[in-house]
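Containing mmCIF, C-alpha atoms and all ligand atoms: start-v5.cif.
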data_entry
#
loop_
_atom_site.label_atom_id
_atom_site.label_comp_id
_atom_site.auth_asym_id
_atom_site.auth_seq_id
_atom_site.Cartn_x
_atom_site.Cartn_y
_atom_site.Cartn_z
CA MET A 1 -6.32 150.37 -14.57
CA GLU A 2 -7.48 150.02 -10.99
CA PRO A 3 -4.67 149.69 -8.43
CA GLN A 4 -6.11 146.33 -7.49
CA GLU A 5 -5.76 145.11 -11.05
CA ILE A 6 -2.18 146.28 -11.23
CA GLN A 7 -1.55 144.34 -8.10
CA THR A 8 -3.08 141.21 -9.59
CA LEU A 9 -0.81 141.65 -12.59
CA GLU A 10 2.19 142.09 -10.38
CA VAL A 11 1.45 138.95 -8.38
CA ASN A 12 0.87 136.94 -11.55
CA LEU A 13 4.10 138.18 -13.06
CA ARG A 14 6.04 137.37 -9.94
CA GLN A 15 4.60 133.86 -9.88
CA VAL A 16 5.45 133.24 -13.52
CA ARG A 17 8.99 134.49 -12.97
CA THR A 18 9.35 132.28 -9.90
CA ARG A 19 8.20 129.26 -11.88
CA ILE A 20 10.62 130.09 -14.70
CA ARG A 21 13.44 130.36 -12.21
CA ALA A 22 12.54 127.05 -10.56
CA ALA A 23 12.40 125.28 -13.92
CA CYS A 24 15.82 126.70 -14.87
CA HIS A 25 17.15 125.49 -11.58
CA ARG A 26 15.76 121.97 -12.07
CA ALA A 27 17.29 121.82 -15.52
CA GLY A 28 20.63 123.18 -14.39
CA ARG A 29 20.25 126.16 -16.70
CA SER A 30 21.10 129.76 -16.11
CA GLU A 31 18.12 132.08 -15.77
CA ASP A 32 19.60 134.42 -18.33
CA GLU A 33 19.10 131.77 -21.00
CA VAL A 34 15.32 131.93 -20.77
CA ARG A 35 13.33 134.99 -21.71
CA LEU A 36 9.67 135.72 -21.24
CA VAL A 37 7.39 136.95 -23.99
CA ALA A 38 4.27 138.25 -22.25
CA VAL A 39 1.49 137.31 -24.65
CA THR A 40 -0.84 140.28 -24.80
CA LYS A 41 -3.03 139.27 -27.74
CA TYR A 42 -6.02 138.91 -25.40
CA THR A 43 -5.61 142.27 -23.77
CA THR A 44 -5.29 146.04 -24.12
CA ALA A 45 -2.55 148.63 -24.60
CA GLU A 46 -3.24 149.75 -21.05
CA VAL A 47 -2.29 146.34 -19.70
CA ILE A 48 0.87 146.34 -21.82
CA GLU A 49 1.77 149.71 -20.33
CA ALA A 50 1.28 148.30 -16.83
CA LEU A 51 3.35 145.22 -17.65
CA ALA A 52 6.13 147.40 -18.99
CA THR A 53 6.08 149.42 -15.78
CA LEU A 54 6.43 146.14 -13.89
CA GLY A 55 9.54 145.30 -15.89
CA VAL A 56 8.24 143.29 -18.83
CA THR A 57 10.40 144.01 -21.87
CA ASP A 58 8.88 141.75 -24.53
CA VAL A 59 5.29 141.24 -25.61
CA GLY A 60 3.74 138.80 -28.07
CA GLU A 61 0.88 139.63 -30.41
CA SER A 62 -0.78 137.47 -33.00
CA ARG A 63 -2.38 140.01 -35.33
CA VAL A 64 -0.89 142.83 -37.33
CA GLN A 65 -3.97 145.02 -37.01
CA ASP A 66 -4.11 144.68 -33.20
CA THR A 67 -0.41 145.36 -32.86
CA TRP A 68 -0.67 148.43 -35.01
CA GLN A 69 -3.48 149.82 -32.84
CA LYS A 70 -1.59 149.13 -29.63
CA GLN A 71 1.52 150.80 -30.99
CA GLU A 72 -0.56 153.83 -31.97
CA SER A 73 -1.20 154.46 -28.28
CA LEU A 74 2.01 153.09 -26.72
CA GLY A 75 4.60 153.93 -29.33
CA ARG A 76 6.88 151.48 -31.07
CA THR A 77 9.70 151.32 -28.57
CA ARG A 78 8.06 151.04 -25.15
CA VAL A 79 8.63 147.24 -25.35
CA ARG A 80 9.97 144.79 -27.91
CA TRP A 81 7.23 143.30 -30.06
CA HIS A 82 7.04 139.65 -31.09
CA LEU A 83 4.76 138.23 -33.74
CA ILE A 84 3.51 134.82 -32.64
CA GLY A 85 0.56 134.29 -35.00
CA HIS A 86 0.18 133.42 -38.65
CA LEU A 87 1.18 136.26 -40.97
CA GLN A 88 -0.53 136.75 -44.31
CA ARG A 89 1.86 137.54 -47.12
CA ASN A 90 0.06 140.75 -48.03
CA LYS A 91 0.88 142.05 -44.54
CA ALA A 92 4.57 141.22 -44.67
CA ALA A 93 5.68 144.80 -45.30
CA ARG A 94 3.59 146.10 -42.44
CA ALA A 95 4.88 143.37 -40.13
CA LEU A 96 8.46 144.41 -40.87
CA GLU A 97 7.67 147.79 -39.34
CA LEU A 98 5.91 146.44 -36.28
CA TYR A 99 7.96 143.55 -34.94
CA ASP A 100 11.39 142.92 -33.49
CA LEU A 101 11.18 139.15 -33.86
CA ILE A 102 8.84 137.01 -35.94
CA HIS A 103 8.32 133.64 -34.24
CA SER A 104 5.77 132.34 -36.70
CA LEU A 105 7.55 132.17 -40.05
CA ASP A 106 5.60 129.24 -41.41
CA SER A 107 6.09 128.99 -45.17
CA ARG A 108 8.71 129.41 -47.84
CA ARG A 109 6.61 131.93 -49.72
CA LEU A 110 6.22 134.10 -46.65
CA ALA A 111 9.98 133.92 -46.07
CA GLU A 112 10.63 135.02 -49.63
CA GLU A 113 8.16 137.86 -49.29
CA LEU A 114 9.82 139.10 -46.08
CA GLU A 115 13.27 138.87 -47.67
CA SER A 116 12.14 140.84 -50.69
CA LYS A 117 10.30 143.55 -48.73
CA ALA A 118 12.86 144.05 -45.97
CA THR A 119 15.12 147.07 -46.16
CA ALA A 120 17.04 146.25 -42.98
CA PRO A 121 18.03 143.00 -41.21
CA VAL A 122 15.04 141.10 -39.84
CA ASP A 123 15.14 138.21 -37.38
CA ALA A 124 12.74 135.30 -37.53
CA LEU A 125 12.21 131.82 -36.17
CA LEU A 126 10.88 128.96 -38.27
CA GLN A 127 7.64 127.57 -36.95
CA VAL A 128 7.78 123.79 -37.02
CA ASN A 129 4.78 121.52 -36.84
CA VAL A 130 6.43 118.85 -34.71
CA SER A 131 3.21 117.19 -33.59
CA GLY A 132 1.91 116.80 -37.14
CA GLU A 133 -1.58 118.00 -36.21
CA SER A 134 -3.41 119.13 -39.32
CA SER A 135 -4.82 122.15 -37.48
CA LYS A 136 -1.34 123.55 -36.92
CA GLY A 137 0.73 125.58 -39.34
CA GLY A 138 4.44 125.47 -39.84
CA PHE A 139 7.12 123.51 -41.63
CA ARG A 140 7.28 119.77 -41.45
CA PRO A 141 10.55 118.71 -39.83
CA GLU A 142 11.77 117.15 -43.09
CA GLU A 143 11.37 120.49 -44.89
CA LEU A 144 13.86 122.34 -42.69
CA ASP A 145 17.06 121.37 -44.49
CA ALA A 146 15.90 122.68 -47.85
CA LEU A 147 14.57 125.87 -46.34
CA LEU A 148 17.78 126.52 -44.44
CA ALA A 149 19.81 125.90 -47.58
CA GLU A 150 17.80 128.60 -49.30
CA ALA A 151 18.00 130.86 -46.23
CA SER A 152 21.77 130.96 -46.41
CA SER A 153 21.47 133.09 -49.56
CA TRP A 154 19.16 135.70 -48.04
CA SER A 155 20.73 138.99 -47.19
CA ARG A 156 18.17 140.54 -44.85
CA LEU A 157 16.01 137.79 -43.38
CA ARG A 158 17.98 135.94 -40.71
CA ILE A 159 16.75 132.68 -39.25
CA ARG A 160 17.68 132.65 -35.58
CA GLY A 161 15.99 129.48 -34.36
CA LEU A 162 12.84 127.38 -34.25
CA MET A 163 9.40 127.74 -32.72
CA THR A 164 6.66 125.23 -32.02
CA MET A 165 3.30 124.85 -30.33
CA ALA A 166 2.53 121.66 -28.48
CA PRO A 167 -0.94 120.11 -28.65
CA HIS A 168 -3.53 121.32 -26.19
CA LEU A 169 -3.33 119.34 -22.95
CA GLU A 170 -6.52 117.51 -22.09
CA ASN A 171 -5.21 116.95 -18.61
CA PRO A 172 -3.18 119.99 -17.56
CA SER A 173 -1.82 118.27 -14.47
CA THR A 174 0.68 116.30 -16.51
CA THR A 175 2.82 117.48 -19.38
CA ASP A 176 4.27 114.06 -20.19
CA SER A 177 2.54 114.08 -23.56
CA VAL A 178 4.13 117.32 -24.73
CA ARG A 179 7.66 116.82 -23.47
CA PRO A 180 8.70 114.78 -26.55
CA ILE A 181 7.51 117.62 -28.80
CA PHE A 182 9.86 120.06 -27.10
CA ARG A 183 12.69 117.55 -27.11
CA ASP A 184 12.19 116.96 -30.82
CA LEU A 185 12.36 120.68 -31.54
CA ARG A 186 15.61 120.98 -29.65
CA GLU A 187 17.08 118.05 -31.55
CA LEU A 188 15.96 119.54 -34.85
CA ARG A 189 17.72 122.77 -33.98
CA ASP A 190 20.88 121.01 -32.86
CA ASP A 191 20.94 118.86 -36.01
CA ALA A 192 20.40 121.85 -38.24
CA ASN A 193 23.16 123.74 -36.46
CA ARG A 194 25.54 120.89 -37.15
CA ARG A 195 24.59 120.19 -40.73
CA SER A 196 23.43 123.30 -42.45
CA ARG A 197 25.41 126.26 -43.64
CA TYR A 198 23.60 128.01 -40.85
CA ARG A 199 26.09 126.42 -38.54
CA ASP A 200 25.58 127.51 -34.94
CA GLN A 201 23.36 130.43 -35.85
CA LEU A 202 20.12 128.81 -34.76
CA VAL A 203 20.23 130.00 -31.22
CA HIS A 204 16.63 130.18 -30.13
CA LEU A 205 13.91 127.75 -29.21
CA SER A 206 10.54 129.47 -28.76
CA MET A 207 8.38 126.93 -27.00
CA GLY A 208 6.08 126.65 -24.01
CA MET A 209 2.97 128.58 -23.04
CA THR A 210 0.85 128.73 -19.89
CA GLN A 211 0.03 125.03 -19.96
CA ASP A 212 3.59 123.80 -20.40
CA PHE A 213 6.27 126.47 -20.14
CA GLU A 214 8.15 124.79 -17.31
CA THR A 215 8.46 121.57 -19.28
CA ALA A 216 9.62 123.56 -22.30
CA ILE A 217 12.32 125.21 -20.18
CA GLU A 218 13.49 121.83 -18.96
CA GLU A 219 13.83 120.83 -22.62
CA GLY A 220 15.77 123.90 -23.66
CA ALA A 221 13.38 126.78 -24.40
CA THR A 222 15.06 130.17 -24.77
CA TRP A 223 11.78 132.05 -25.23
CA VAL A 224 8.58 131.10 -23.43
CA ARG A 225 5.32 132.70 -24.59
CA VAL A 226 2.99 133.11 -21.64
CA GLY A 227 -0.40 134.84 -21.75
CA SER A 228 -3.22 133.45 -19.59
CA ALA A 229 -1.10 132.89 -16.48
CA LEU A 230 -0.19 136.59 -16.48
CA LEU A 231 -3.70 137.87 -17.06
CA ASP A 232 -5.49 135.54 -14.71
CA GLY A 233 -8.04 137.41 -12.59
CA LEU A 234 -8.01 140.64 -14.62
CA GLU A 235 -11.36 142.07 -15.58
CA THR A 236 -10.02 143.93 -18.57
CA THR A 237 -9.14 140.71 -20.33
CA PRO A 238 -11.37 140.39 -23.36
CA GLN A 239 -12.40 137.08 -24.80
CA LYS A 240 -9.68 134.78 -25.92
CA THR A 241 -8.97 134.99 -29.58
CA ASN A 242 -6.17 133.77 -31.72
C1 LIG B 301 -1.91 132.62 -27.43
C2 LIG B 301 -0.58 132.05 -27.66
C3 LIG B 301 0.29 131.81 -26.60
C4 LIG B 301 -0.05 132.08 -25.14
O1 LIG B 301 -0.96 131.14 -24.70
P1 LIG B 301 -1.40 131.08 -23.14
O2 LIG B 301 -1.99 129.73 -23.03
O3 LIG B 301 -2.38 132.17 -22.95
O4 LIG B 301 -0.17 131.26 -22.34
C5 LIG B 301 1.56 131.32 -26.89
N1 LIG B 301 1.93 131.05 -28.15
C6 LIG B 301 1.12 131.26 -29.21
C7 LIG B 301 1.59 130.94 -30.57
C8 LIG B 301 -0.17 131.75 -28.99
O5 LIG B 301 -0.99 131.93 -30.04
#

Represent the supplied structure as structure tokens.
Ligand SMILES: *Cc1c(COP(=O)(O)O)cnc(C)c1O
Amino acid sequence: MEPQEIQTLEVNLRQVRTRIRAACHRAGRSEDEVRLVAVTKYTTAEVIEALATLGVTDVGESRVQDTWQKQESLGRTRVRWHLIGHLQRNKAARALELYDLIHSLDSRRLAEELESKATAPVDALLQVNVSGESSKGGFRPEELDALLAEASSWSRLRIRGLMTMAPHLENPSTTDSVRPIFRDLRELRDDANRRSRYRDQLVHLSMGMTQDFETAIEEGATWVRVGSALLDGLETTPQKTN
């Protein structure tokens, strides 16, 4: 990477961290409660290397194949790897090798596949379709209880929290429309922690991306998944894909 590009990355990262800190402050939360997943699905292994040098410890990828290629050049342990995209069941075994945390566990059958293929403990978050948009994957809120009841019998797959994606903002200058989505996810987690046999084990809320991460922090996010804001102005950024 050109030195100028590294500098752009550094400035972007500093700005994102400053905004995270300010949102924590507004919400009266400790900064240690909120962690950044740098979403690198749009970009290259080289950029991940640069981010790691700048202190980024966690990256988010949405495709098994892309992650595998990036790990071929970077190694498995340079950063922690998060899966944030839909996982096909036939790639479950491969995903178990590639990721430290799966944010996008979105069906019972996938959960059962991961549990049966895992040979060591694996952490995952349940993706919840809070907004009810048909284009979005994930569990319906009313499905969580049954799933968590089943989860309490798994020996390797451990559900550590919930994840959601808010609808795309038509008007990015106000996040009023997405705040209730984040609040709902927090309430779902808190309810499940009280009721299910998973008592108090659902620690994480993975919510908030470039358009709305500050709002998500105000509503309790423990992981924010930020891509575009970090890569803004970089030439090496390929086209956006999912
Ligand atoms: C791409 C993606 C992100 C990051 O989105 P940005 O708008 O680039 O910050 C976060 N979460 C998920 C699930 C994604 O697919």

Each residue of chain A with at least one atom at most 10 Å from ligand LIG 301 (chain B) should appear once, together with its nearest atom pair and the corresponding distance in Å (one decimal); atoms considered: all atoms listed in the file; ordering: chain, then increasing residue number; output as CSV.
residue,atom,partner,partner_atom,distance
A:Val37,CA,B:LIG301,C5,8.6
A:Ala38,CA,B:LIG301,C4,8.1
A:Val39,CA,B:LIG301,C4,5.5
A:Thr40,CA,B:LIG301,C1,8.2
A:Lys41,CA,B:LIG301,C1,6.8
A:Tyr42,CA,B:LIG301,C1,7.8
A:Gly60,CA,B:LIG301,C5,7.9
A:Glu61,CA,B:LIG301,O5,7.9
A:Ser62,CA,B:LIG301,O5,6.3
A:Arg63,CA,B:LIG301,O5,9.8
A:Leu83,CA,B:LIG301,C7,8.6
A:Ile84,CA,B:LIG301,C7,4.8
A:Gly85,CA,B:LIG301,C7,5.6
A:His86,CA,B:LIG301,C7,8.6
A:His103,CA,B:LIG301,C7,8.1
A:Ser104,CA,B:LIG301,C7,7.6
A:Gln127,CA,B:LIG301,C7,9.4
A:Met163,CA,B:LIG301,C7,8.7
A:Thr164,CA,B:LIG301,C7,7.8
A:Met165,CA,B:LIG301,C7,6.3
A:Ala166,CA,B:LIG301,N1,9.4
A:His168,CA,B:LIG301,O2,9.1
A:Ser206,CA,B:LIG301,N1,8.8
A:Met207,CA,B:LIG301,N1,7.7
A:Gly208,CA,B:LIG301,C5,7.1
A:Met209,CA,B:LIG301,O4,4.2
A:Thr210,CA,B:LIG301,O4,3.7
A:Gln211,CA,B:LIG301,O2,6.0
A:Asp212,CA,B:LIG301,O2,8.6
A:Phe213,CA,B:LIG301,O4,8.3
A:Val224,CA,B:LIG301,C5,7.8
A:Arg225,CA,B:LIG301,C5,4.6
A:Val226,CA,B:LIG301,O4,3.7
A:Gly227,CA,B:LIG301,O3,3.5
A:Ser228,CA,B:LIG301,O3,3.7
A:Ala229,CA,B:LIG301,O4,6.2
A:Leu230,CA,B:LIG301,O4,7.9
A:Leu231,CA,B:LIG301,O3,8.3
A:Asp232,CA,B:LIG301,O3,9.4
A:Lys240,CA,B:LIG301,C1,8.2
A:Thr241,CA,B:LIG301,C1,7.8
A:Asn242,CA,B:LIG301,O5,5.7

Original post:
Can you tell me how far CA of Thr8 in chain A sits from CA of Asp66 in chain A, in Å to one decimal?
Top reply: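 For CA of Thr8 in chain A relative to CA of Asp66 in chain A, the distance reads 23.9 Å.
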
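The coordinates place CA of Ala192 in chain A at 24.2 Å from CA of Ser116 in chain A.
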
**OP:** Find the residue from A:Gln69, A:Arg21, A:Leu74, A:Ala216 that sits nearest to Ser177 in chain A; use all atoms listed in the file when measuring.
**Re:** A:Ala216

Subject >> Pick from A:Glu133, A:Glu49, A:Glu97, A:Glu143 nearest to Pro121 in chain A, counting only C-alpha atoms >> reply: A:Glu97

**OP:** Could you tell me how far CA of Leu205 in chain A lies from CA of Asn193 in chain A, in Å and to one decimal?
**Re:** 12.4 Å

Original post:
With all atoms listed in the file as the basis for distance, which of A:Glu218, A:Asp106, A:Glu10, A:Glu187 is at the shortest distance from Phe139 in chain A?
Top reply: A:Asp106

Hey, which bits of range 42-117 of chain A sit within 10 Å of range 144-154 of chain A, and for each residue what's the closest pair of atoms and how far apart in Å (one decimal), counting all atoms listed in the file, rows by chain and increasing number, as CSV?
residue,atom,partner,partner_atom,distance
A:Ser107,CA,A:Leu147,CA,9.1
A:Arg108,CA,A:Leu147,CA,7.0
A:Ala111,CA,A:Ala151,CA,8.6
A:Glu112,CA,A:Trp154,CA,8.7
A:Glu115,CA,A:Trp154,CA,6.7
A:Ser116,CA,A:Trp154,CA,9.1

Selected residues, C-alpha atoms, written as a PDB file, in the coordinates of the input, please.
ATOM      1  CA  SER A 107       6.090 128.990 -45.170  1.00  0.00           C
ATOM      2  CA  ARG A 108       8.710 129.410 -47.840  1.00  0.00           C
ATOM      3  CA  ALA A 111       9.980 133.920 -46.070  1.00  0.00           C
ATOM      4  CA  GLU A 112      10.630 135.020 -49.630  1.00  0.00           C
ATOM      5  CA  GLU A 115      13.270 138.870 -47.670  1.00  0.00           C
ATOM      6  CA  SER A 116      12.140 140.840 -50.690  1.00  0.00           C
TER       7      SER A 116
END

Subject >> Nearby residues (only C-alpha atoms) at most 12 Å from Glu5 in chain A, same-chain spacing under 6 positions excluded, as a count of residues only >> reply: 14

Original post:
Using only C-alpha atoms, which of A:Arg76, A:Gln88, A:Arg186, A:His82 sits nearest Leu101 in chain A?
Top reply: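 For Leu101 in chain A, the nearest of the given residues is A:His82.
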
Original post:
Closest to Ser134 in chain A among A:Gln4, A:Glu214, A:Pro167, A:Tyr99, using all atoms listed in the file?
Top reply: A:Pro167

Original post:
When distances are computed from all atoms listed in the file, which of A:Arg14, A:Val34, A:Val122, A:Lys91 shows the smallest separation from Val203 in chain A?
Top reply: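 Checking each candidate against Val203 in chain A, we get A:Val34 as the closest.
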
Original post:
Neighbours of Leu188 in chain A within 10 Å (all atoms listed in the file; same-chain residues fewer than 6 positions away dropped), as a ChimeraX atom specification?
Top reply: /A:128,130,141-142,144-145,161-162,182,194
